[in-house]
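Asks: Before we start, here is the structure in question, set down as structure tokens.
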Amino acid sequence: MSRANGMLEVSNLTVSFERPEQPDAGAFRVVEDLSFGVAAGEFVSILGPSGCGKTTLLRVIVRLAPAEHGTIKIDDSEKYAPGRDVCLVFQSYGLFPWRTVRENVEFGLKMQGVAARERRATGQEFIDLVGLSGFEQHYPHQISGGMQQRVGLARALACRPKLLLMDEPFAAVDAQTRERLQTELLRIVAQTASTVVFVTHSIQEAVYLGTRVLVMGARPGRIAADLPVPLGSERWRRDVRLERRFEDHVLEARQALRAVSP
Amino acid sequence: MTEATEANGLAPLPAVRPRRKRSGGPGALTGLSVLAIYALLIAAWDVFGRDVNPYFSSYPSAIVRAAGELARSGELATALLGSLGVLGQGLLYTLAAGLPVGFAIGRYQFLDRTFGPLVTILFVAPREVFVPLLVLWFGLSDASRVIFVFLSAVFPLIYNVADGVRSVNQSHAEIAQAYGANEWQTIQEVTFPSILPFIGVGAKQAIARGLTGLVAAEFFIGVSGLGGLLQKASALYRLDRAFVVILVLVAVGFILARAGDLMEARLGRWRISERAY
Ligand SMILES: Nc1ncnc2c1ncn2[C@@H]1O[C@H](COP(=O)(O)OP(=O)(O)OP(=O)(O)O)[C@@H](O)[C@H]1O
Ligand SMILES: [Mg+2]
């Protein structure tokens with residue numbers, strides 16, 4: 001499945017977990033022989049039933065969990081660095097409660113050893129980008145959930161990763177905030193020319209955001225459908241959700257998801 | 001500003017936190033009456049205390065006189081400085097040893113299993129059991145007393161720091177790693193800030209136990225410092241002097257406890273205000 005300009009290349013990935021309660025039953029295969037590629041500039045949404053291994057896949061990509069088989073390449077290299085080449089945005093925001101908004105946003109840069117002055121400038125740029133100017137000195141508990149996820153996004157983007165991973169980032173915010181954050185994400189992704197892999201449970205969200213929707217099956221997890229969403233670029237300028245073909249793509253994704261759901 | 005933030009979907013923050021009114025009203029009245037009651041009690045003690053046999057008790061004006069004597073002769077200052085020196089050294093060693101040992105026990109399961117129970121036992125054991133050994137090894141010296149203060153104070157610190165390291169949120173450590181933190185950076189950026197509140201609690205307990213350890217050391221390991229002065233005064237039935245020393249010890253304890261409270265509040269600031277929902 002190699003394609004030109006591949007930003008992410010996952011080949012024959014298998015991931016297993018030990019089952020401590022029944023060691024004789026062998027390891028538990030969450031993901032098996034999973035392959036897909038993401039081209040530069042693509043926004044790939046991943047849908048799949050709960051427990052099919054979406055979070056596991058993202059964790060393996062940022063090396064929080066080991067792969068049993070298979071290779072992962074980012075920008076044609078297996079020796080990519082998490083936090084520099086690829087950043088993950090977490091569902092429950094994953095902010096450090098003892099760090100201010102500014103310190104959270106600058107975290108990745110600090111880990112890379114970026115000098116304080118440059119860190120400050122880059123951090124401010126991305127704080128402004130996500131619309132949090134004026135909240136730099138606040139602690140996470142002092143801002144709303146929607147704002148916390150903006151911080152999470154800014155922290156990831158400030159590292160200027162080649163690939164941005166997002167794991168149900170808007171699952172914990174209310175519906176209105178969610179819609180606003182979706183549109184803003186489209187704007188921010190366009191402005192930063194990011195390549196994104198976005199896991200969600202919302203079919204509408206997957207189709208609205210994605211230039212492509214991957215549907216993952218369960219037991220074992222692998223890609224069951226690969227649906228292009230040719231709704232055009234600059235989507236944050238006009239609301240494609242008002243168009244009939246948006247509904248067609250939603251229906252298509254829903255059917256594909258139904259096919260893999262137990 | 002408010003309009004702009006609302007347009008962004010950001011909730012504006014309240015500029016001022018709602019606060020209960022405390023000045024004036026019944027609160028102030030209670031404060032005054034408490035003061036009045038104490039003034040009355042002290043006055044009554046001063047009047048009727050004179051009739052009690054001075055071998056068994058004393059009274060405020062005699063205590064003030066004794067305080068003047070002790071201050072002028074320099075005995076009080078010498079005792080206070082000696083005590084604070086022993087306490088300070090003991091607490092310094094407590095910090096120097098307690099932090100790394102607590103960290104190691106909390107972090108490495110093997111050390112925890114080996115030394116964890118020992119720490120718990122020493123934490124709850126009466127430290128007076130060490131007195132004979134210390135006297136045998138180090139004599140009736142300041143060294144013995146410093147070590148006794150150290151033994152009194154160090155275990156609560158070790159215990160709390162180890163507890164803190166064990167309860168570091170693993171997902172915070174993982175997030176740091178996903179952002180490229182190496183092991184040392186994870187310790188610096190996640191473990192250390194996470195255990196600050198525990199260090200605060202441990203340090204506070206260490207200070208409290210160190211102070212009682214100090215007085216015990218000055219009683220049991222030779223006669224010296226404030227504890228020694230207290231013992232000498234009561235042996236000579238100079239209860240006015242004994243009261244002076246007691247008041248100084250109470251004041252030292254109060255100041256140290258306040259310092260401990262402040263340290264605990266400061267180190268635990270983010271944790272206290274963290275929301276669970
Ligand atoms: N550390 C682990 N140890 C053992 N099993 C695990 C571990 N992490 C995940 N699993 C198992 O792997 C499977 C996939 O989990 P994962 O979190 O990747 O699913 P998911 O697709 O993200 O689900 P959801 O949509 O509910 O978030 C689950 O059955 C889960 O129990
Ligand atoms: Mg998940």
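Residues in the structure tokens are named by chain (A, B, ... in the order shown) and by number from 1 within that chain; ligands are numbered from 1 in the order shown.
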Tell me as a list in words which residues belonging to chain A come within 6 Å of chain B, counting only C-alpha atoms.

Replies: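 Here they are: Val62, Pro82, Gly83, Trp98, Gly108, Met111 and His141 of chain A.
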
Asks: Write down as number ranges by chain the residues belonging to region 30-186 of chain A that are assigned strand (DSSP E or B) by DSSP computed on the backbone.

Replies: A: 30-39, 43-47, 69-74, 77, 82, 86-89, 163-167

Asks: Within 10 Å of Ala153 (chain B), counting only C-alpha atoms, which residues show up once you throw out same-chain ones fewer than 5 positions away? Write them as a PyMOL selection string, please.

Replies: chain B and resi 87+90-91+93-95+98+123+127+147-148+158+202-214

Asks: Enumerate, as a count of residues only, the complete set of residues in region 34-128 of chain A that a backbone-based DSSP assignment places in helix (DSSP H, G or I).

Replies: 31

Asks: Env of Val207 (chain A): 8 Å cut, atoms = only C-alpha atoms, seq-sep filter 2 positions within chain, self excluded. Answer as a VMD selection string.

Replies: chain A and resid 45 203 to 205 209 to 213 229 246 249 to 250 253

Asks: Write a file of the just-selected residues containing N, CA, C and O atoms, as an mmCIF file, in the first residue's frame.

Replies:
```
data_model
loop_
_atom_site.group_PDB
_atom_site.id
_atom_site.type_symbol
_atom_site.label_atom_id
_atom_site.label_comp_id
_atom_site.auth_asym_id
_atom_site.auth_seq_id
_atom_site.Cartn_x
_atom_site.Cartn_y
_atom_site.Cartn_z
ATOM 1 N N SER A 45 -9.686 10.345 9.010
ATOM 2 C CA SER A 45 -10.504 10.003 10.176
ATOM 3 C C SER A 45 -10.551 8.493 10.312
ATOM 4 O O SER A 45 -10.612 7.780 9.309
ATOM 5 N N ILE A 203 -19.705 9.647 13.370
ATOM 6 C CA ILE A 203 -19.608 9.479 11.918
ATOM 7 C C ILE A 203 -19.626 10.844 11.238
ATOM 8 O O ILE A 203 -18.840 11.114 10.330
ATOM 9 N N GLN A 204 -20.520 11.724 11.711
ATOM 10 C CA GLN A 204 -20.591 13.074 11.142
ATOM 11 C C GLN A 204 -19.247 13.790 11.257
ATOM 12 O O GLN A 204 -18.771 14.408 10.313
ATOM 13 N N GLU A 205 -18.668 13.670 12.450
ATOM 14 C CA GLU A 205 -17.392 14.341 12.674
ATOM 15 C C GLU A 205 -16.318 13.792 11.737
ATOM 16 O O GLU A 205 -15.536 14.542 11.153
ATOM 17 N N LEU A 209 -14.618 16.283 8.972
ATOM 18 C CA LEU A 209 -13.212 16.678 9.097
ATOM 19 C C LEU A 209 -12.318 15.994 8.065
ATOM 20 O O LEU A 209 -11.363 16.585 7.575
ATOM 21 N N GLY A 210 -12.626 14.734 7.747
ATOM 22 C CA GLY A 210 -11.667 13.919 7.012
ATOM 23 C C GLY A 210 -11.673 14.164 5.514
ATOM 24 O O GLY A 210 -12.711 14.428 4.907
ATOM 25 N N THR A 211 -10.476 14.048 4.925
ATOM 26 C CA THR A 211 -10.434 13.935 3.477
ATOM 27 C C THR A 211 -10.552 12.462 3.090
ATOM 28 O O THR A 211 -10.708 12.111 1.934
ATOM 29 N N ARG A 212 -10.445 11.627 4.127
ATOM 30 C CA ARG A 212 -10.557 10.186 3.942
ATOM 31 C C ARG A 212 -11.054 9.600 5.254
ATOM 32 O O ARG A 212 -10.670 10.067 6.318
ATOM 33 N N VAL A 213 -11.907 8.577 5.167
ATOM 34 C CA VAL A 213 -12.371 7.911 6.385
ATOM 35 C C VAL A 213 -11.955 6.448 6.337
ATOM 36 O O VAL A 213 -12.270 5.749 5.383
ATOM 37 N N VAL A 229 -13.357 11.141 0.890
ATOM 38 C CA VAL A 229 -14.426 12.125 1.101
ATOM 39 C C VAL A 229 -14.104 13.360 0.263
ATOM 40 O O VAL A 229 -13.544 14.331 0.771
ATOM 41 N N PHE A 246 -22.694 15.562 1.523
ATOM 42 C CA PHE A 246 -22.180 15.283 2.863
ATOM 43 C C PHE A 246 -22.952 14.114 3.470
ATOM 44 O O PHE A 246 -22.383 13.154 3.983
ATOM 45 N N HIS A 249 -21.978 10.779 2.049
ATOM 46 C CA HIS A 249 -20.746 10.218 2.615
ATOM 47 C C HIS A 249 -20.977 9.687 4.028
ATOM 48 O O HIS A 249 -20.406 8.670 4.420
ATOM 49 N N VAL A 250 -21.810 10.381 4.790
ATOM 50 C CA VAL A 250 -22.134 9.904 6.134
ATOM 51 C C VAL A 250 -22.802 8.538 6.053
ATOM 52 O O VAL A 250 -22.461 7.609 6.794
ATOM 53 N N ALA A 253 -20.300 5.839 5.215
ATOM 54 C CA ALA A 253 -19.485 5.485 6.378
ATOM 55 C C ALA A 253 -20.294 4.679 7.387
ATOM 56 O O ALA A 253 -19.801 3.710 7.976
#
```

Asks: Neighbours of ligand 1 at 9 Å or closer, counting only C-alpha atoms and all ligand atoms: which residues, as a PyMOL selection string?

Replies: chain A and resi 15-20+28-31+47-59+65+167-168+199-201+216+218-219+221

Asks: Residues as selected, N, CA, C and O atoms, written as a tab-separated table (two decimals), in the first residue's frame, can you do that?

Replies:
```
chain	number	residue	atom	x	y	z
A	15	VAL	N	-0.32	-6.10	17.20
A	15	VAL	CA	-0.10	-5.69	18.59
A	15	VAL	C	-0.85	-6.66	19.50
A	15	VAL	O	-2.03	-6.95	19.26
A	16	SER	N	-0.16	-7.17	20.52
A	16	SER	CA	-0.80	-8.09	21.46
A	16	SER	C	-0.58	-7.62	22.88
A	16	SER	O	0.38	-6.93	23.18
A	17	PHE	N	-1.49	-8.04	23.75
A	17	PHE	CA	-1.32	-7.79	25.18
A	17	PHE	C	-1.28	-9.12	25.91
A	17	PHE	O	-1.96	-10.06	25.52
A	18	GLU	N	-0.48	-9.17	26.95
A	18	GLU	CA	-0.49	-10.36	27.81
A	18	GLU	C	-1.81	-10.41	28.56
A	18	GLU	O	-2.39	-9.37	28.88
A	19	ARG	N	-2.27	-11.63	28.84
A	19	ARG	CA	-3.46	-11.75	29.68
A	19	ARG	C	-3.05	-12.36	31.00
A	19	ARG	O	-2.93	-13.58	31.12
A	20	PRO	N	-2.76	-11.51	31.99
A	20	PRO	CA	-2.21	-12.03	33.24
A	20	PRO	C	-3.16	-12.99	33.95
A	20	PRO	O	-2.73	-13.90	34.65
A	28	PHE	N	-3.25	-11.72	23.81
A	28	PHE	CA	-4.50	-11.23	23.28
A	28	PHE	C	-4.18	-10.28	22.13
A	28	PHE	O	-3.57	-9.23	22.33
A	29	ARG	N	-4.55	-10.68	20.89
A	29	ARG	CA	-4.23	-9.88	19.70
A	29	ARG	C	-5.25	-8.77	19.54
A	29	ARG	O	-6.41	-9.04	19.25
A	30	VAL	N	-4.82	-7.55	19.73
A	30	VAL	CA	-5.75	-6.44	19.57
A	30	VAL	C	-5.76	-5.99	18.12
A	30	VAL	O	-6.80	-5.81	17.50
A	31	VAL	N	-4.58	-5.84	17.56
A	31	VAL	CA	-4.43	-5.40	16.18
A	31	VAL	C	-3.67	-6.47	15.44
A	31	VAL	O	-2.68	-7.00	15.97
A	47	LEU	N	-12.75	5.48	12.11
A	47	LEU	CA	-13.94	5.05	12.84
A	47	LEU	C	-13.79	3.57	13.15
A	47	LEU	O	-13.11	2.84	12.44
A	48	GLY	N	-14.44	3.13	14.21
A	48	GLY	CA	-14.39	1.70	14.51
A	48	GLY	C	-15.12	1.42	15.80
A	48	GLY	O	-15.21	2.30	16.66
A	49	PRO	N	-15.65	0.19	15.95
A	49	PRO	CA	-16.37	-0.12	17.18
A	49	PRO	C	-15.46	-0.01	18.40
A	49	PRO	O	-14.25	-0.13	18.29
A	50	SER	N	-16.09	0.20	19.53
A	50	SER	CA	-15.33	0.36	20.77
A	50	SER	C	-14.50	-0.90	21.04
A	50	SER	O	-14.99	-2.01	20.89
A	51	GLY	N	-13.24	-0.69	21.39
A	51	GLY	CA	-12.39	-1.82	21.73
A	51	GLY	C	-11.69	-2.45	20.54
A	51	GLY	O	-11.03	-3.48	20.69
A	52	CYS	N	-11.80	-1.84	19.35
A	52	CYS	CA	-11.19	-2.45	18.17
A	52	CYS	C	-9.70	-2.14	18.08
A	52	CYS	O	-9.00	-2.69	17.24
A	53	GLY	N	-9.21	-1.25	18.93
A	53	GLY	CA	-7.77	-1.02	18.95
A	53	GLY	C	-7.33	0.32	18.38
A	53	GLY	O	-6.16	0.51	18.05
A	54	LYS	N	-8.23	1.28	18.32
A	54	LYS	CA	-7.87	2.59	17.76
A	54	LYS	C	-6.85	3.31	18.65
A	54	LYS	O	-5.82	3.80	18.18
A	55	THR	N	-7.18	3.36	19.95
A	55	THR	CA	-6.25	4.00	20.87
A	55	THR	C	-4.92	3.26	20.90
A	55	THR	O	-3.85	3.87	20.90
A	56	THR	N	-5.02	1.93	20.89
A	56	THR	CA	-3.80	1.12	20.89
A	56	THR	C	-2.92	1.47	19.69
A	56	THR	O	-1.70	1.64	19.83
A	57	LEU	N	-3.55	1.60	18.52
A	57	LEU	CA	-2.80	1.95	17.31
A	57	LEU	C	-2.04	3.27	17.49
A	57	LEU	O	-0.84	3.36	17.22
A	58	LEU	N	-2.73	4.29	18.01
A	58	LEU	CA	-2.09	5.59	18.19
A	58	LEU	C	-0.97	5.50	19.24
A	58	LEU	O	0.09	6.11	19.09
A	59	ARG	N	-1.22	4.74	20.29
A	59	ARG	CA	-0.19	4.59	21.34
A	59	ARG	C	1.06	3.90	20.79
A	59	ARG	O	2.18	4.24	21.17
A	65	ALA	N	3.39	2.00	23.48
A	65	ALA	CA	3.19	0.55	23.57
A	65	ALA	C	3.99	-0.09	22.44
A	65	ALA	O	4.17	0.53	21.39
A	167	ASP	N	-6.90	11.50	19.45
A	167	ASP	CA	-7.72	10.37	19.91
A	167	ASP	C	-9.00	10.89	20.54
A	167	ASP	O	-8.99	11.30	21.71
A	168	GLU	N	-10.08	10.88	19.79
A	168	GLU	CA	-11.37	11.38	20.28
A	168	GLU	C	-11.21	12.69	21.05
A	168	GLU	O	-11.67	12.81	22.19
A	199	VAL	N	-9.04	10.00	15.38
A	199	VAL	CA	-9.93	8.91	15.80
A	199	VAL	C	-11.19	9.50	16.42
A	199	VAL	O	-11.11	10.43	17.23
A	200	THR	N	-12.34	8.99	16.03
A	200	THR	CA	-13.59	9.50	16.58
A	200	THR	C	-14.66	8.41	16.57
A	200	THR	O	-14.53	7.42	15.86
A	201	HIS	N	-15.70	8.62	17.38
A	201	HIS	CA	-16.86	7.73	17.35
A	201	HIS	C	-18.01	8.37	16.60
A	201	HIS	O	-19.05	7.74	16.39
A	216	MET	N	-12.29	0.76	10.89
A	216	MET	CA	-11.52	-0.34	11.46
A	216	MET	C	-12.46	-1.42	11.98
A	216	MET	O	-13.50	-1.10	12.58
A	218	ALA	N	-13.09	-5.09	14.29
A	218	ALA	CA	-12.63	-5.57	15.59
A	218	ALA	C	-12.28	-7.05	15.55
A	218	ALA	O	-12.79	-7.80	14.72
A	219	ARG	N	-11.41	-7.45	16.45
A	219	ARG	CA	-11.05	-8.86	16.68
A	219	ARG	C	-10.74	-9.63	15.42
A	219	ARG	O	-11.55	-10.42	14.99
A	221	GLY	N	-8.24	-6.18	15.06
A	221	GLY	CA	-8.41	-4.88	14.44
A	221	GLY	C	-7.59	-4.74	13.17
A	221	GLY	O	-6.40	-5.00	13.17
```

Asks: Counting only C-alpha atoms and all ligand atoms, figure out which residue out of A:Thr14, A:Phe96, A:Phe198, A:Ala81 gets nearest to ligand 2.

Replies: A:Phe198
